[in-house]
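Asker: I have a structure here, written as structure tokens, and I will follow up with some questions on it.
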Amino acid sequence: MPEMPEVEQVRKTLLPHIKGKTIKNIEINLARLIKYPAPEEFIAGLTGKTILDVGRRGKYLVLKTGENQKLIVHLRMTGSLIAQEAEKPAPPYAKIKFELTDGVTMWFCDIRTFGTLYLVTNNDAYIEGYETLGPEPLSEGFTADYMRPVIAKSRKPIKTLILEQTFIAGLGNIYADECLALSGILPMRTANTLTDEEIDRLHDAINKVIAQGIANRGTTFRDYKDGEGNKGDNQNHLLVYGRKGLCCKMCGGELLGTKVGGRGTTYCPHCQK
């Protein structure tokens, strides 16, 4: 599933192709992807509107199409937004076509079709999950002092806690494993047993791991592509995720796998305490 670095890469690569372009026509080939409003209203509400900006909040893309209107897109597991020249054929698994001015077409593609799109006008829709997002890594509000009281009250495994989007927006399974490895903390450890020093390390690790993911254009194992249809490179720089049974890059010991909160988890039993 695309996480904060992947969605940020999509945002950055879409921006120069679609900002300032007007939506001329929309074709929807899978109506259930449109969660609000009804598909006919969705088309009517966007046709003729200009894309003023491309933003992001956590794992959500936010396309501003008016002073009080925004198109909110959640890519979920296998969704992608790709901009290309109008004369090019549709990319694989294309589900929604946005015809823009200046010969540009933006496609929403989705292999497993779990993605969601919402057109919000004058705050007329409440999107569960979007409205309750916590601060995201690298933001002013994301500090170790913000993390301390939440961690101190929680008896959940620390990995489960940092995956909660109401606590930290944008982290998913890949980057949770990575930041716990970098900070030397076992993923299954009960959150409220962390010391202040360990919370400081975890906070720093989250910011470093997310910054690295963004710098490397996201992580691609199978399906993820950015707004230009290109794969990321961060999979070549991971410490633990997807490396079960291989050698730890820090100590040389064997990496182990387990389940934490139902999520596949890779860790080093020697480096993570």
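Identifiers in the structure tokens: chain A, B, ... in order shown; residue index from 1 per chain; ligand index from 1 in order shown.
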Write out as a ChimeraX atom specification the residues lying within 12 Å of range 109-114 of chain A, counting only C-alpha atoms and excluding same-chain residues fewer than 6 positions away.

Answerer: /A:1,28-35,73-83,90-98,222-227,229

Asker: Which polymer residues have any atom within 12 Å of an atom of Leu138 in chain A, counting only C-alpha atoms, with same-chain residues fewer than 6 positions away left out, as a list in words?

Answerer: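 These residues fall inside the cut-off: Met4, Pro5, Gly58, Ala144, Ile168, Ala169, Gly170, Leu171, His203, Asp204, Ala205, Ile206, Asn207, Lys208, Val209, Ile210, Ala211, Gln212 and Ile214 of chain A.
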
Asker: Determine which residues of range 47-151 of chain A receive a DSSP assignment of helix (DSSP H, G or I), computed from the backbone, and state them as number ranges by chain.

Answerer: A: 144-151

Asker: Can you tell me, as a compact mmCIF listing (two decimals) with N, CA and C atoms, in the first residue's frame, what residues are no more than 8 Å from Ala191 in chain A when counting only C-alpha atoms, ignoring any on the same chain fewer than 3 positions away?

Answerer:
```txt
# COMPACT_ATOMS: atom_id res chain seq x y z
N ILE A 151 2.22 7.40 23.90
CA ILE A 151 2.94 6.14 24.10
C ILE A 151 2.84 5.70 25.56
N ALA A 152 2.93 6.64 26.49
CA ALA A 152 2.90 6.31 27.92
C ALA A 152 1.58 5.68 28.34
N SER A 154 -0.39 3.77 26.34
CA SER A 154 -0.79 2.65 25.49
C SER A 154 -0.14 1.33 25.90
N ARG A 155 -0.96 0.27 25.93
CA ARG A 155 -0.45 -1.06 26.19
C ARG A 155 -0.40 -1.89 24.90
N LYS A 156 -0.56 -1.23 23.78
CA LYS A 156 -0.47 -1.91 22.49
C LYS A 156 0.98 -2.13 22.13
N PRO A 157 1.27 -3.11 21.24
CA PRO A 157 2.63 -3.19 20.70
C PRO A 157 2.98 -1.87 20.03
N ILE A 158 4.22 -1.44 20.15
CA ILE A 158 4.61 -0.13 19.61
C ILE A 158 4.39 -0.06 18.11
N LEU A 161 0.75 0.73 17.49
CA LEU A 161 0.43 2.11 17.85
C LEU A 161 0.88 3.10 16.77
N LEU A 194 8.51 1.98 26.77
CA LEU A 194 9.59 2.75 26.15
C LEU A 194 10.04 3.88 27.07
```

Asker: Using only C-alpha atoms, which protein or nucleic acid residues come within 12 Å of Tyr146 in chain A? Drop anything in the same chain fewer than 5 positions from it, and give the result as an NGL selection string.

Answerer: :A and (134-137 or 139-141 or 151-152 or 167-168 or 196 or 199-200 or 203)

Asker: Would you pick out the contacts of Gln272 in chain A at 9 Å or less, using only C-alpha atoms, so that residues sharing its chain but fewer than 5 positions from it are not included, and give the list as a list of chain:residue names?

Answerer: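 What passes the distance filter is A:Leu180, A:Ala181, A:Leu182, A:Ser183, A:Gly184, A:Ile185, A:Leu186, A:Pro187, A:Tyr267.
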
Asker: Selection from above, N, CA and C atoms, as a PDB file, in the first residue's frame, can you write it?

Answerer:
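Output (again.pdb):
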```
ATOM      1  N   LEU A 180      11.422   1.270  13.321  1.00  0.00           N
ATOM      2  CA  LEU A 180      11.689   0.506  14.534  1.00  0.00           C
ATOM      3  C   LEU A 180      13.066  -0.157  14.466  1.00  0.00           C
ATOM      4  N   ALA A 181      13.454  -0.606  13.280  1.00  0.00           N
ATOM      5  CA  ALA A 181      14.800  -1.177  13.121  1.00  0.00           C
ATOM      6  C   ALA A 181      15.859  -0.113  13.354  1.00  0.00           C
ATOM      7  N   LEU A 182      15.665   1.060  12.768  1.00  0.00           N
ATOM      8  CA  LEU A 182      16.657   2.125  12.893  1.00  0.00           C
ATOM      9  C   LEU A 182      16.777   2.617  14.327  1.00  0.00           C
ATOM     10  N   SER A 183      15.672   2.589  15.068  1.00  0.00           N
ATOM     11  CA  SER A 183      15.712   3.065  16.454  1.00  0.00           C
ATOM     12  C   SER A 183      16.069   1.965  17.450  1.00  0.00           C
ATOM     13  N   GLY A 184      16.194   0.706  16.973  1.00  0.00           N
ATOM     14  CA  GLY A 184      16.616  -0.383  17.840  1.00  0.00           C
ATOM     15  C   GLY A 184      15.552  -0.849  18.817  1.00  0.00           C
ATOM     16  N   ILE A 185      14.280  -0.798  18.397  1.00  0.00           N
ATOM     17  CA  ILE A 185      13.167  -1.169  19.278  1.00  0.00           C
ATOM     18  C   ILE A 185      12.405  -2.335  18.671  1.00  0.00           C
ATOM     19  N   LEU A 186      12.116  -3.356  19.469  1.00  0.00           N
ATOM     20  CA  LEU A 186      11.356  -4.504  18.984  1.00  0.00           C
ATOM     21  C   LEU A 186       9.920  -4.093  18.641  1.00  0.00           C
ATOM     22  N   PRO A 187       9.417  -4.493  17.492  1.00  0.00           N
ATOM     23  CA  PRO A 187       8.063  -4.098  17.080  1.00  0.00           C
ATOM     24  C   PRO A 187       6.974  -4.577  18.023  1.00  0.00           C
ATOM     25  N   TYR A 267      12.294  -8.146  11.728  1.00  0.00           N
ATOM     26  CA  TYR A 267      13.101  -7.438  12.730  1.00  0.00           C
ATOM     27  C   TYR A 267      14.402  -8.187  12.976  1.00  0.00           C
TER      28      TYR A 267
END
```
